[in-house]
>>> print(open('my_file17.txt').read())   # compact mmCIF, C-alpha atoms
# COMPACT_ATOMS: atom_id res chain seq x y z
CA MET A 1 5.83 12.19 -9.43
CA ALA A 2 7.95 12.06 -6.29
CA ASP A 3 9.98 8.87 -5.97
CA TRP A 4 9.67 6.66 -2.92
CA ASN A 5 12.06 6.42 0.02
CA PRO A 6 12.68 2.71 0.71
CA GLN A 7 14.44 3.34 4.03
CA GLN A 8 11.56 5.41 5.40
CA TYR A 9 9.02 2.89 4.11
CA LEU A 10 10.81 0.00 5.84
CA LYS A 11 10.90 1.68 9.26
CA PHE A 12 7.75 -0.36 9.84
CA GLN A 13 8.70 -3.40 7.79
CA LYS A 14 6.95 -5.95 9.98
CA GLN A 15 3.66 -4.05 9.99
CA ARG A 16 3.77 -3.32 6.26
CA THR A 17 4.63 -6.93 5.40
CA GLN A 18 1.92 -8.59 7.49
CA PRO A 19 -0.91 -7.85 5.01
CA SER A 20 1.20 -9.48 2.28
CA ARG A 21 1.50 -12.59 4.42
CA ASP A 22 -2.22 -12.61 5.13
CA LEU A 23 -3.11 -12.16 1.46
CA ALA A 24 -0.63 -14.81 0.28
CA ALA A 25 -2.08 -17.25 2.81
CA ARG A 26 -5.49 -16.92 1.14
CA VAL A 27 -4.09 -18.17 -2.19
CA ALA A 28 -1.45 -20.57 -0.81
CA ASP A 29 -3.32 -23.60 -2.18
CA ARG A 30 -3.22 -22.33 -5.76
CA ASN A 31 0.25 -23.62 -6.68
CA PRO A 32 0.86 -21.02 -9.43
CA ARG A 33 3.69 -21.50 -11.89
CA THR A 34 4.05 -17.80 -12.72
CA VAL A 35 3.56 -14.89 -10.32
CA ALA A 36 3.84 -11.11 -10.77
CA ASP A 37 4.08 -8.94 -7.65
CA ILE A 38 2.65 -5.61 -8.85
CA GLY A 39 3.93 -2.65 -6.85
CA CYS A 40 6.54 -4.78 -5.10
CA GLY A 41 8.22 -1.80 -3.42
CA PRO A 42 11.48 -2.78 -1.71
CA GLY A 43 10.77 -6.47 -2.26
CA ASN A 44 9.36 -7.47 1.12
CA SER A 45 6.11 -8.75 -0.44
CA THR A 46 8.03 -10.56 -3.19
CA ALA A 47 10.09 -12.34 -0.54
CA VAL A 48 6.85 -13.49 1.09
CA LEU A 49 5.68 -14.91 -2.24
CA ARG A 50 8.94 -16.81 -2.61
CA GLU A 51 8.38 -18.38 0.81
CA VAL A 52 4.83 -19.42 -0.06
CA PHE A 53 5.51 -20.48 -3.67
CA PRO A 54 9.12 -21.72 -3.76
CA GLN A 55 8.70 -23.50 -7.12
CA ALA A 56 7.07 -20.59 -8.97
CA GLU A 57 8.64 -18.14 -11.38
CA ILE A 58 8.17 -14.83 -9.53
CA VAL A 59 8.81 -11.32 -10.79
CA GLY A 60 8.52 -8.15 -8.71
CA LEU A 61 7.34 -5.07 -10.62
CA ASP A 62 7.42 -1.44 -9.46
CA ASN A 63 7.55 1.91 -11.24
CA SER A 64 9.93 3.42 -8.66
CA PRO A 65 13.63 3.20 -9.60
CA ASP A 66 14.65 3.64 -5.96
CA MET A 67 12.36 0.86 -4.78
CA ILE A 68 13.60 -1.52 -7.48
CA GLU A 69 17.22 -0.72 -6.62
CA LYS A 70 16.54 -1.42 -2.95
CA ALA A 71 14.70 -4.65 -3.76
CA ARG A 72 17.53 -5.95 -5.93
CA ARG A 73 20.08 -5.08 -3.26
CA GLU A 74 18.13 -6.68 -0.40
CA HIS A 75 16.92 -9.74 -2.33
CA PRO A 76 19.58 -10.62 -4.94
CA ASP A 77 18.07 -14.07 -5.44
CA LEU A 78 14.78 -12.62 -6.71
CA VAL A 79 13.88 -11.02 -10.05
CA PHE A 80 12.73 -7.40 -10.16
CA ARG A 81 11.78 -5.17 -13.09
CA GLN A 82 10.82 -1.54 -13.28
CA GLY A 83 7.39 -1.23 -14.81
CA ASP A 84 3.84 0.06 -14.49
CA ALA A 85 0.77 -2.03 -13.70
CA ARG A 86 -0.98 -0.47 -16.68
CA GLN A 87 1.74 -1.77 -19.00
CA LEU A 88 1.74 -5.37 -17.79
CA GLU A 89 2.64 -7.90 -20.47
CA GLY A 90 2.06 -11.61 -20.83
CA THR A 91 -0.25 -13.88 -18.88
CA TRP A 92 0.17 -15.15 -15.33
CA ASP A 93 -1.25 -17.68 -12.90
CA LEU A 94 -1.20 -15.20 -10.01
CA LEU A 95 -1.18 -11.42 -10.03
CA PHE A 96 -0.46 -10.17 -6.53
CA SER A 97 -0.63 -6.54 -5.41
CA ASN A 98 -0.13 -5.25 -1.88
CA ALA A 99 -0.91 -1.57 -1.15
CA CYS A 100 -0.36 -0.36 -4.72
CA LEU A 101 -3.52 -0.02 -6.77
CA GLN A 102 -4.85 2.91 -4.74
CA TRP A 103 -2.14 5.04 -6.38
CA ILE A 104 -3.50 4.31 -9.88
CA PRO A 105 -6.47 6.26 -11.28
CA ASN A 106 -9.38 4.63 -13.08
CA GLN A 107 -9.38 1.28 -11.34
CA GLN A 108 -12.70 0.58 -13.08
CA GLU A 109 -10.63 -0.07 -16.22
CA LEU A 110 -7.45 -1.25 -14.51
CA LEU A 111 -8.94 -4.28 -12.76
CA PRO A 112 -10.55 -5.83 -15.87
CA ALA A 113 -7.28 -5.19 -17.72
CA LEU A 114 -5.34 -7.04 -15.03
CA MET A 115 -7.84 -9.91 -15.13
CA SER A 116 -7.20 -10.20 -18.87
CA HIS A 117 -3.54 -10.98 -18.10
CA LEU A 118 -4.47 -14.08 -16.09
CA ASN A 119 -4.25 -17.59 -17.45
CA PRO A 120 -7.50 -19.59 -17.28
CA GLY A 121 -8.21 -20.25 -13.62
CA GLY A 122 -5.66 -17.64 -12.59
CA VAL A 123 -6.17 -15.36 -9.61
CA LEU A 124 -5.80 -11.66 -8.92
CA ALA A 125 -5.00 -11.05 -5.23
CA VAL A 126 -5.11 -7.45 -4.00
CA GLN A 127 -4.84 -5.46 -0.78
CA VAL A 128 -5.46 -1.72 -0.63
CA PRO A 129 -5.52 0.60 2.41
CA ASN A 130 -9.02 1.68 3.39
CA ASN A 131 -8.13 3.87 6.34
CA GLY A 132 -9.56 7.27 5.52
CA GLU A 133 -11.81 7.28 8.60
CA GLU A 134 -9.00 6.66 11.09
CA PRO A 135 -8.65 9.83 13.25
CA PHE A 136 -5.03 10.41 12.31
CA TYR A 137 -5.78 10.08 8.60
CA ARG A 138 -8.68 12.51 8.94
CA LEU A 139 -6.27 14.86 10.70
CA VAL A 140 -3.73 14.61 7.87
CA GLN A 141 -6.41 15.45 5.32
CA GLN A 142 -7.68 18.35 7.43
CA VAL A 143 -4.24 19.88 7.96
CA VAL A 144 -2.94 19.60 4.37
CA SER A 145 -6.20 21.18 3.19
CA GLU A 146 -5.59 24.34 5.23
CA PRO A 147 -4.86 27.32 2.91
CA ARG A 148 -1.44 28.09 4.40
CA TRP A 149 0.06 24.94 2.88
CA GLY A 150 -1.10 25.85 -0.62
CA PHE A 151 -2.75 22.61 -1.70
CA ASP A 152 -6.06 22.72 -3.55
CA ALA A 153 -5.88 18.95 -4.02
CA SER A 154 -3.48 16.07 -3.49
CA PRO A 155 -0.39 16.34 -5.73
CA GLU A 156 -0.91 12.68 -6.63
CA TYR A 157 -3.87 10.37 -6.96
CA ASN A 158 -4.25 8.19 -3.86
CA GLN A 159 -7.69 6.71 -3.41
CA ALA A 160 -8.98 3.20 -2.85
CA LEU A 161 -12.51 2.52 -4.02
CA SER A 162 -15.27 1.47 -1.66
CA PRO A 163 -15.96 -2.22 -1.05
CA GLN A 164 -19.23 -1.78 -2.95
CA GLU A 165 -17.41 -0.34 -5.97
CA TYR A 166 -14.88 -3.17 -6.02
CA PHE A 167 -17.79 -5.63 -5.68
CA ASP A 168 -19.49 -4.22 -8.78
CA ILE A 169 -16.29 -4.19 -10.84
CA LEU A 170 -15.33 -7.75 -9.93
CA SER A 171 -18.88 -8.96 -10.56
CA GLU A 172 -18.39 -8.06 -14.21
CA CYS A 173 -14.86 -9.34 -14.82
CA ALA A 174 -14.30 -12.34 -12.52
CA SER A 175 -15.86 -15.79 -12.49
CA SER A 176 -15.76 -15.71 -8.66
CA PHE A 177 -14.28 -13.49 -5.99
CA ASP A 178 -13.94 -12.93 -2.25
CA LEU A 179 -13.84 -9.49 -0.62
CA TRP A 180 -13.01 -8.79 3.04
CA GLU A 181 -11.56 -6.22 5.45
CA VAL A 182 -9.09 -6.41 8.32
CA CYS A 183 -8.33 -3.66 10.84
CA TYR A 184 -4.80 -3.98 12.22
CA GLN A 185 -3.92 -2.39 15.56
CA HIS A 186 -0.34 -1.13 15.29
CA PRO A 187 1.49 -0.14 18.49
CA MET A 188 3.56 3.02 17.96
CA PRO A 189 6.26 4.22 20.36
CA ASP A 190 5.01 7.81 20.36
CA HIS A 191 3.01 10.37 18.39
CA ALA A 192 5.97 11.26 16.17
CA ALA A 193 5.90 7.65 14.95
CA LEU A 194 2.42 8.24 13.54
CA VAL A 195 3.98 10.84 11.26
CA ASP A 196 6.86 8.50 10.43
CA TRP A 197 4.26 5.95 9.35
CA VAL A 198 2.66 8.23 6.74
CA GLU A 199 5.82 10.11 5.71
CA SER A 200 6.74 7.60 3.01
CA THR A 201 3.17 7.03 1.80
CA ARG A 202 0.26 9.44 2.23
CA LEU A 203 2.42 12.47 3.10
CA ARG A 204 5.10 11.74 0.51
CA PRO A 205 3.72 13.87 -2.37
CA TYR A 206 2.98 16.81 -0.05
CA LEU A 207 6.45 16.76 1.48
CA GLN A 208 8.03 16.65 -1.96
CA VAL A 209 6.23 19.88 -2.90
CA LEU A 210 6.83 21.66 0.41
CA GLY A 211 10.57 20.99 0.64
CA PRO A 212 12.62 20.20 3.78
CA GLN A 213 11.84 23.22 5.96
CA ARG A 214 8.11 23.54 5.34
CA GLY A 215 7.80 19.78 5.30
CA GLN A 216 9.32 19.58 8.76
CA GLU A 217 6.85 22.20 10.00
CA LEU A 218 3.99 20.09 8.67
CA LYS A 219 5.29 16.93 10.33
CA GLU A 220 5.78 18.65 13.68
CA GLU A 221 2.27 20.08 13.61
CA LEU A 222 0.75 16.70 12.81
CA ALA A 223 2.64 15.05 15.67
CA GLN A 224 1.53 17.74 18.11
CA ARG A 225 -2.12 17.68 17.09
CA ALA A 226 -2.18 13.88 17.12
CA LYS A 227 -1.71 14.01 20.89
CA GLU A 228 -5.30 15.21 21.19
CA LEU A 229 -6.56 12.16 19.31
CA TYR A 230 -4.40 9.33 20.62
CA PRO A 231 -4.05 8.91 24.37
CA VAL A 232 -0.87 7.26 25.60
CA ARG A 233 -1.56 3.69 26.68
CA LYS A 234 -0.43 2.16 29.97
CA ASN A 235 2.84 0.94 28.43
CA GLY A 236 3.68 4.40 27.05
CA GLN A 237 2.74 3.63 23.44
CA VAL A 238 -0.10 4.78 21.21
CA ILE A 239 -2.22 2.57 18.95
CA LEU A 240 -2.81 3.27 15.26
CA GLY A 241 -5.76 1.47 13.76
CA PHE A 242 -5.26 0.58 10.11
CA ARG A 243 -8.09 -0.85 8.04
CA ARG A 244 -7.20 -2.71 4.86
CA LEU A 245 -9.43 -4.08 2.11
CA PHE A 246 -8.58 -7.41 0.47
CA PHE A 247 -9.95 -9.31 -2.46
CA THR A 248 -9.13 -12.36 -4.55
CA ALA A 249 -10.70 -12.78 -7.98
CA GLU A 250 -10.54 -15.80 -10.27
CA LYS A 251 -10.62 -15.59 -14.03
>>> encode(input="my_file17.txt", output="structure tokens")
Amino acid sequence: MADWNPQQYLKFQKQRTQPSRDLAARVADRNPRTVADIGCGPGNSTAVLREVFPQAEIVGLDNSPDMIEKARREHPDLVFRQGDARQLEGTWDLLFSNACLQWIPNQQELLPALMSHLNPGGVLAVQVPNNGEEPFYRLVQQVVSEPRWGFDASPEYNQALSPQEYFDILSECASSFDLWEVCYQHPMPDHAALVDWVESTRLRPYLQVLGPQRGQELKEELAQRAKELYPVRKNGQVILGFRRLFFTAEK
């Protein structure tokens, strides 16, 4: 699996951190003593949790060595460990996960397993991207599926479930839960920025396989074809819609 590029990911730090803030706000009244930030990336979501829960014992977990290194360097006052959500140990008052679980197959088994690591009354708080219908994301899927790039399927699993599927899973493993969506409208300076946005996430596994030269060709084509889908606004920017699915589930 291709490792993550923290610098590329944090080009849009404010936009990527906002869902963490919104999700943390929904559980701010919980006063947890122990918190695990699953898929903490470069630590921006873990820093949000420290702001909201200053008295809690908080650990950021991520399976990317580069992300953990970046998190430790940027947030030396926080605790980070390299690890996989499927290998979580112990029990916690709050399990928090921002834009991570969509990378893990078989969420039908993963979510009940995570719920089993909650203390009584504990909460699982999750956000996953649900943006497959956005025109630029449809374009990415269309282009990488063209035969000339050589991909029969995505090199890595990357798929959120539908709200209905999450509803059914949580109905069986949580005592109560809330499920909602938010569509963020992100201003981008130009069409190339749309490619920058997905370079460290959805495009990452494809670029790793293609290598620098072919990867650059793919990025340039996406930026060019995006011009047909995203008109320049009056201020010279373009707007990327990004729909995200949230849920909180209590044990």
>>> closest_atom_pairs(input="my_file17.txt", of="stretch 126-226 of chain A", to="stretch 94-109 of chain A", cutoff="9 Å", atoms="only C-alpha atoms", output="JSON lines")
{"residue": "A:Val126", "atom": "CA", "partner": "A:Ser97", "partner_atom": "CA", "distance": 4.8}
{"residue": "A:Gln127", "atom": "CA", "partner": "A:Asn98", "partner_atom": "CA", "distance": 4.8}
{"residue": "A:Val128", "atom": "CA", "partner": "A:Ala99", "partner_atom": "CA", "distance": 4.6}
{"residue": "A:Pro129", "atom": "CA", "partner": "A:Ala99", "partner_atom": "CA", "distance": 6.2}
{"residue": "A:Glu156", "atom": "CA", "partner": "A:Trp103", "partner_atom": "CA", "distance": 7.7}
{"residue": "A:Tyr157", "atom": "CA", "partner": "A:Trp103", "partner_atom": "CA", "distance": 5.6}
{"residue": "A:Asn158", "atom": "CA", "partner": "A:Trp103", "partner_atom": "CA", "distance": 4.6}
{"residue": "A:Gln159", "atom": "CA", "partner": "A:Gln102", "partner_atom": "CA", "distance": 4.9}
{"residue": "A:Ala160", "atom": "CA", "partner": "A:Gln102", "partner_atom": "CA", "distance": 4.6}
{"residue": "A:Leu161", "atom": "CA", "partner": "A:Gln102", "partner_atom": "CA", "distance": 7.7}
{"residue": "A:Glu165", "atom": "CA", "partner": "A:Gln108", "partner_atom": "CA", "distance": 8.6}
{"residue": "A:Tyr166", "atom": "CA", "partner": "A:Gln108", "partner_atom": "CA", "distance": 8.3}
{"residue": "A:Ile169", "atom": "CA", "partner": "A:Gln108", "partner_atom": "CA", "distance": 6.4}
>>> write_last_selection(input="my_file17.txt", atoms="C-alpha atoms", output="PDB file, keeping the file's coordinate frame")
ATOM      1  CA  VAL A 126      -5.110  -7.450  -4.000  1.00  0.00           C
ATOM      2  CA  GLN A 127      -4.840  -5.460  -0.780  1.00  0.00           C
ATOM      3  CA  VAL A 128      -5.460  -1.720  -0.630  1.00  0.00           C
ATOM      4  CA  PRO A 129      -5.520   0.600   2.410  1.00  0.00           C
ATOM      5  CA  GLU A 156      -0.910  12.680  -6.630  1.00  0.00           C
ATOM      6  CA  TYR A 157      -3.870  10.370  -6.960  1.00  0.00           C
ATOM      7  CA  ASN A 158      -4.250   8.190  -3.860  1.00  0.00           C
ATOM      8  CA  GLN A 159      -7.690   6.710  -3.410  1.00  0.00           C
ATOM      9  CA  ALA A 160      -8.980   3.200  -2.850  1.00  0.00           C
ATOM     10  CA  LEU A 161     -12.510   2.520  -4.020  1.00  0.00           C
ATOM     11  CA  GLU A 165     -17.410  -0.340  -5.970  1.00  0.00           C
ATOM     12  CA  TYR A 166     -14.880  -3.170  -6.020  1.00  0.00           C
ATOM     13  CA  ILE A 169     -16.290  -4.190 -10.840  1.00  0.00           C
TER      14      ILE A 169
END
>>> residues_near_point(input="my_file17.txt", point="(-8.4, -9.0, 2.5)", cutoff="7 Å", atoms="all atoms listed in the file", output="VMD selection string")
chain A and resid 23 127 179 to 182 244 to 247
>>> closest_residue(input="my_file17.txt", among="A:Gln224, A:Ser176, A:Gln82, A:Gln18", to="A:Asp190", atoms="all atoms listed in the file")
A:Gln224
>>> closest_residue(input="my_file17.txt", among="A:Gln142, A:Thr91, A:Ser20, A:Ser64", to="A:Ala113", atoms="only C-alpha atoms")
A:Thr91
>>> residues_around(input="my_file17.txt", residues="A:Lys251", least_positions_apart="3", cutoff="12 Å", atoms="only C-alpha atoms", output="compact mmCIF listing (two decimals) with C-alpha atoms, keeping the file's coordinate frame")
# COMPACT_ATOMS: atom_id res chain seq x y z
CA THR A 91 -0.25 -13.88 -18.88
CA TRP A 92 0.17 -15.15 -15.33
CA ASP A 93 -1.25 -17.68 -12.90
CA LEU A 94 -1.20 -15.20 -10.01
CA LEU A 95 -1.18 -11.42 -10.03
CA LEU A 111 -8.94 -4.28 -12.76
CA PRO A 112 -10.55 -5.83 -15.87
CA ALA A 113 -7.28 -5.19 -17.72
CA LEU A 114 -5.34 -7.04 -15.03
CA MET A 115 -7.84 -9.91 -15.13
CA SER A 116 -7.20 -10.20 -18.87
CA HIS A 117 -3.54 -10.98 -18.10
CA LEU A 118 -4.47 -14.08 -16.09
CA ASN A 119 -4.25 -17.59 -17.45
CA PRO A 120 -7.50 -19.59 -17.28
CA GLY A 121 -8.21 -20.25 -13.62
CA GLY A 122 -5.66 -17.64 -12.59
CA VAL A 123 -6.17 -15.36 -9.61
CA LEU A 124 -5.80 -11.66 -8.92
CA ALA A 125 -5.00 -11.05 -5.23
CA LEU A 170 -15.33 -7.75 -9.93
CA SER A 171 -18.88 -8.96 -10.56
CA GLU A 172 -18.39 -8.06 -14.21
CA CYS A 173 -14.86 -9.34 -14.82
CA ALA A 174 -14.30 -12.34 -12.52
CA SER A 175 -15.86 -15.79 -12.49
CA SER A 176 -15.76 -15.71 -8.66
CA PHE A 177 -14.28 -13.49 -5.99
CA THR A 248 -9.13 -12.36 -4.55
>>> closest_residue(input="my_file17.txt", among="A:Arg225, A:Lys219, A:Val27, A:Tyr184", to="A:Ser200", atoms="all atoms listed in the file")
A:Lys219
>>> closest_atom_pairs(input="my_file17.txt", of="stretch 88-197 of chain A", to="stretch 230-241 of chain A", cutoff="8 Å", atoms="all atoms listed in the file", output="Markdown table")
| residue | atom | partner | partner_atom | distance |
| --- | --- | --- | --- | --- |
| A:Glu134 | CA | A:Gly241 | CA | 6.7 |
| A:Cys183 | CA | A:Gly241 | CA | 6.4 |
| A:Tyr184 | CA | A:Gly241 | CA | 5.7 |
| A:Gln185 | CA | A:Gly241 | CA | 4.6 |
| A:His186 | CA | A:Leu240 | CA | 5.0 |
| A:Pro187 | CA | A:Ile239 | CA | 4.6 |
| A:Met188 | CA | A:Val238 | CA | 5.2 |
| A:Pro189 | CA | A:Gln237 | CA | 4.7 |
| A:Asp190 | CA | A:Gln237 | CA | 5.7 |
| A:His191 | CA | A:Val238 | CA | 7.0 |
| A:Leu194 | CA | A:Leu240 | CA | 7.4 |
>>> atom_distance(input="my_file17.txt", atom1="atom CA of A:Glu228", atom2="atom CA of A:Leu207")
23.0 Å
>>> atom_distance(input="my_file17.txt", atom1="atom CA of A:Ala249", atom2="atom CA of A:Asp178")
6.6 Å
>>> residues_around(input="my_file17.txt", residues="A:Ile68", least_positions_apart="5", cutoff="7 Å", atoms="all atoms listed in the file", output="list in words")
Gly41, Pro42, Asp62, Phe80, Arg81 and Gln82 of chain A
>>> closest_residue(input="my_file17.txt", among="A:Gln216, A:Lys14, A:Leu49, A:Ile58", to="A:Arg33", atoms="all atoms listed in the file")
A:Ile58
>>> closest_residue(input="my_file17.txt", among="A:Arg204, A:Arg214, A:Arg50, A:His75", to="A:Pro32", atoms="only C-alpha atoms")
A:Arg50
>>> closest_residue(input="my_file17.txt", among="A:Cys40, A:Ala226, A:Val209, A:Leu78", to="A:Phe151", atoms="all atoms listed in the file")
A:Val209
>>> atom_distance(input="my_file17.txt", atom1="atom CA of A:Asp29", atom2="atom CA of A:Gln87")
28.0 Å
>>> decode(input="my_file17.txt", residues="stretch 134-206 of chain A", atoms="C-alpha atoms", output="JSON list (two decimals), in the first residue's frame")
[["chain", "number", "residue", "atom", "x", "y", "z"],
["A", 134, "GLU", "CA", -19.68, 15.24, -7.23],
["A", 135, "PRO", "CA", -18.84, 15.99, -10.91],
["A", 136, "PHE", "CA", -15.10, 16.10, -10.33],
["A", 137, "TYR", "CA", -15.14, 12.77, -8.49],
["A", 138, "ARG", "CA", -17.17, 11.21, -11.29],
["A", 139, "LEU", "CA", -14.58, 12.60, -13.70],
["A", 140, "VAL", "CA", -11.71, 11.05, -11.73],
["A", 141, "GLN", "CA", -13.43, 7.66, -11.79],
["A", 142, "GLN", "CA", -14.17, 7.97, -15.51],
["A", 143, "VAL", "CA", -10.61, 8.92, -16.46],
["A", 144, "VAL", "CA", -8.76, 6.33, -14.34],
["A", 145, "SER", "CA", -11.07, 3.66, -15.78],
["A", 146, "GLU", "CA", -9.96, 4.41, -19.35],
["A", 147, "PRO", "CA", -7.91, 1.48, -20.75],
["A", 148, "ARG", "CA", -4.79, 3.55, -21.48],
["A", 149, "TRP", "CA", -4.05, 3.92, -17.77],
["A", 150, "GLY", "CA", -4.12, 0.17, -17.18],
["A", 151, "PHE", "CA", -6.42, -0.03, -14.16],
["A", 152, "ASP", "CA", -9.09, -2.72, -14.03],
["A", 153, "ALA", "CA", -9.97, -1.61, -10.49],
["A", 154, "SER", "CA", -8.71, 0.71, -7.79],
["A", 155, "PRO", "CA", -5.29, -0.36, -6.44],
["A", 156, "GLU", "CA", -6.70, 0.11, -2.93],
["A", 157, "TYR", "CA", -10.08, -0.22, -1.31],
["A", 158, "ASN", "CA", -11.73, 3.19, -0.89],
["A", 159, "GLN", "CA", -15.48, 3.07, -0.44],
["A", 160, "ALA", "CA", -17.85, 4.50, 2.14],
["A", 161, "LEU", "CA", -21.10, 2.64, 2.61],
["A", 162, "SER", "CA", -24.47, 4.21, 1.95],
["A", 163, "PRO", "CA", -26.35, 5.95, 4.77],
["A", 164, "GLN", "CA", -28.87, 3.10, 4.65],
["A", 165, "GLU", "CA", -26.13, 0.50, 5.10],
["A", 166, "TYR", "CA", -24.63, 2.35, 8.05],
["A", 167, "PHE", "CA", -28.14, 2.67, 9.51],
["A", 168, "ASP", "CA", -28.67, -1.10, 9.38],
["A", 169, "ILE", "CA", -25.25, -1.88, 10.87],
["A", 170, "LEU", "CA", -25.63, 0.59, 13.74],
["A", 171, "SER", "CA", -29.17, -0.61, 14.43],
["A", 172, "GLU", "CA", -27.69, -3.97, 15.40],
["A", 173, "CYS", "CA", -24.66, -2.89, 17.44],
["A", 174, "ALA", "CA", -25.51, 0.44, 19.10],
["A", 175, "SER", "CA", -28.02, 1.31, 21.81],
["A", 176, "SER", "CA", -28.69, 4.63, 20.02],
["A", 177, "PHE", "CA", -27.18, 6.55, 17.14],
["A", 178, "ASP", "CA", -27.46, 9.69, 15.02],
["A", 179, "LEU", "CA", -26.67, 9.80, 11.29],
["A", 180, "TRP", "CA", -26.43, 12.96, 9.17],
["A", 181, "GLU", "CA", -24.80, 14.51, 6.09],
["A", 182, "VAL", "CA", -23.14, 17.86, 5.41],
["A", 183, "CYS", "CA", -22.12, 19.22, 2.00],
["A", 184, "TYR", "CA", -19.22, 21.65, 2.30],
["A", 185, "GLN", "CA", -18.60, 24.21, -0.45],
["A", 186, "HIS", "CA", -14.83, 24.62, -0.77],
["A", 187, "PRO", "CA", -13.48, 27.60, -2.75],
["A", 188, "MET", "CA", -10.50, 26.57, -4.89],
["A", 189, "PRO", "CA", -8.10, 29.03, -6.53],
["A", 190, "ASP", "CA", -8.19, 27.25, -9.90],
["A", 191, "HIS", "CA", -8.87, 23.92, -11.59],
["A", 192, "ALA", "CA", -5.40, 22.59, -10.81],
["A", 193, "ALA", "CA", -6.30, 22.91, -7.12],
["A", 194, "LEU", "CA", -9.07, 20.36, -7.64],
["A", 195, "VAL", "CA", -6.36, 17.87, -8.58],
["A", 196, "ASP", "CA", -4.23, 18.96, -5.64],
["A", 197, "TRP", "CA", -7.19, 18.20, -3.39],
["A", 198, "VAL", "CA", -7.45, 14.55, -4.49],
["A", 199, "GLU", "CA", -3.74, 13.93, -5.08],
["A", 200, "SER", "CA", -3.09, 12.85, -1.50],
["A", 201, "THR", "CA", -6.33, 10.89, -1.10],
["A", 202, "ARG", "CA", -8.40, 9.41, -3.93],
["A", 203, "LEU", "CA", -5.66, 9.68, -6.57],
["A", 204, "ARG", "CA", -2.85, 8.56, -4.26],
["A", 205, "PRO", "CA", -2.90, 4.80, -5.06],
["A", 206, "TYR", "CA", -3.18, 5.45, -8.81]]
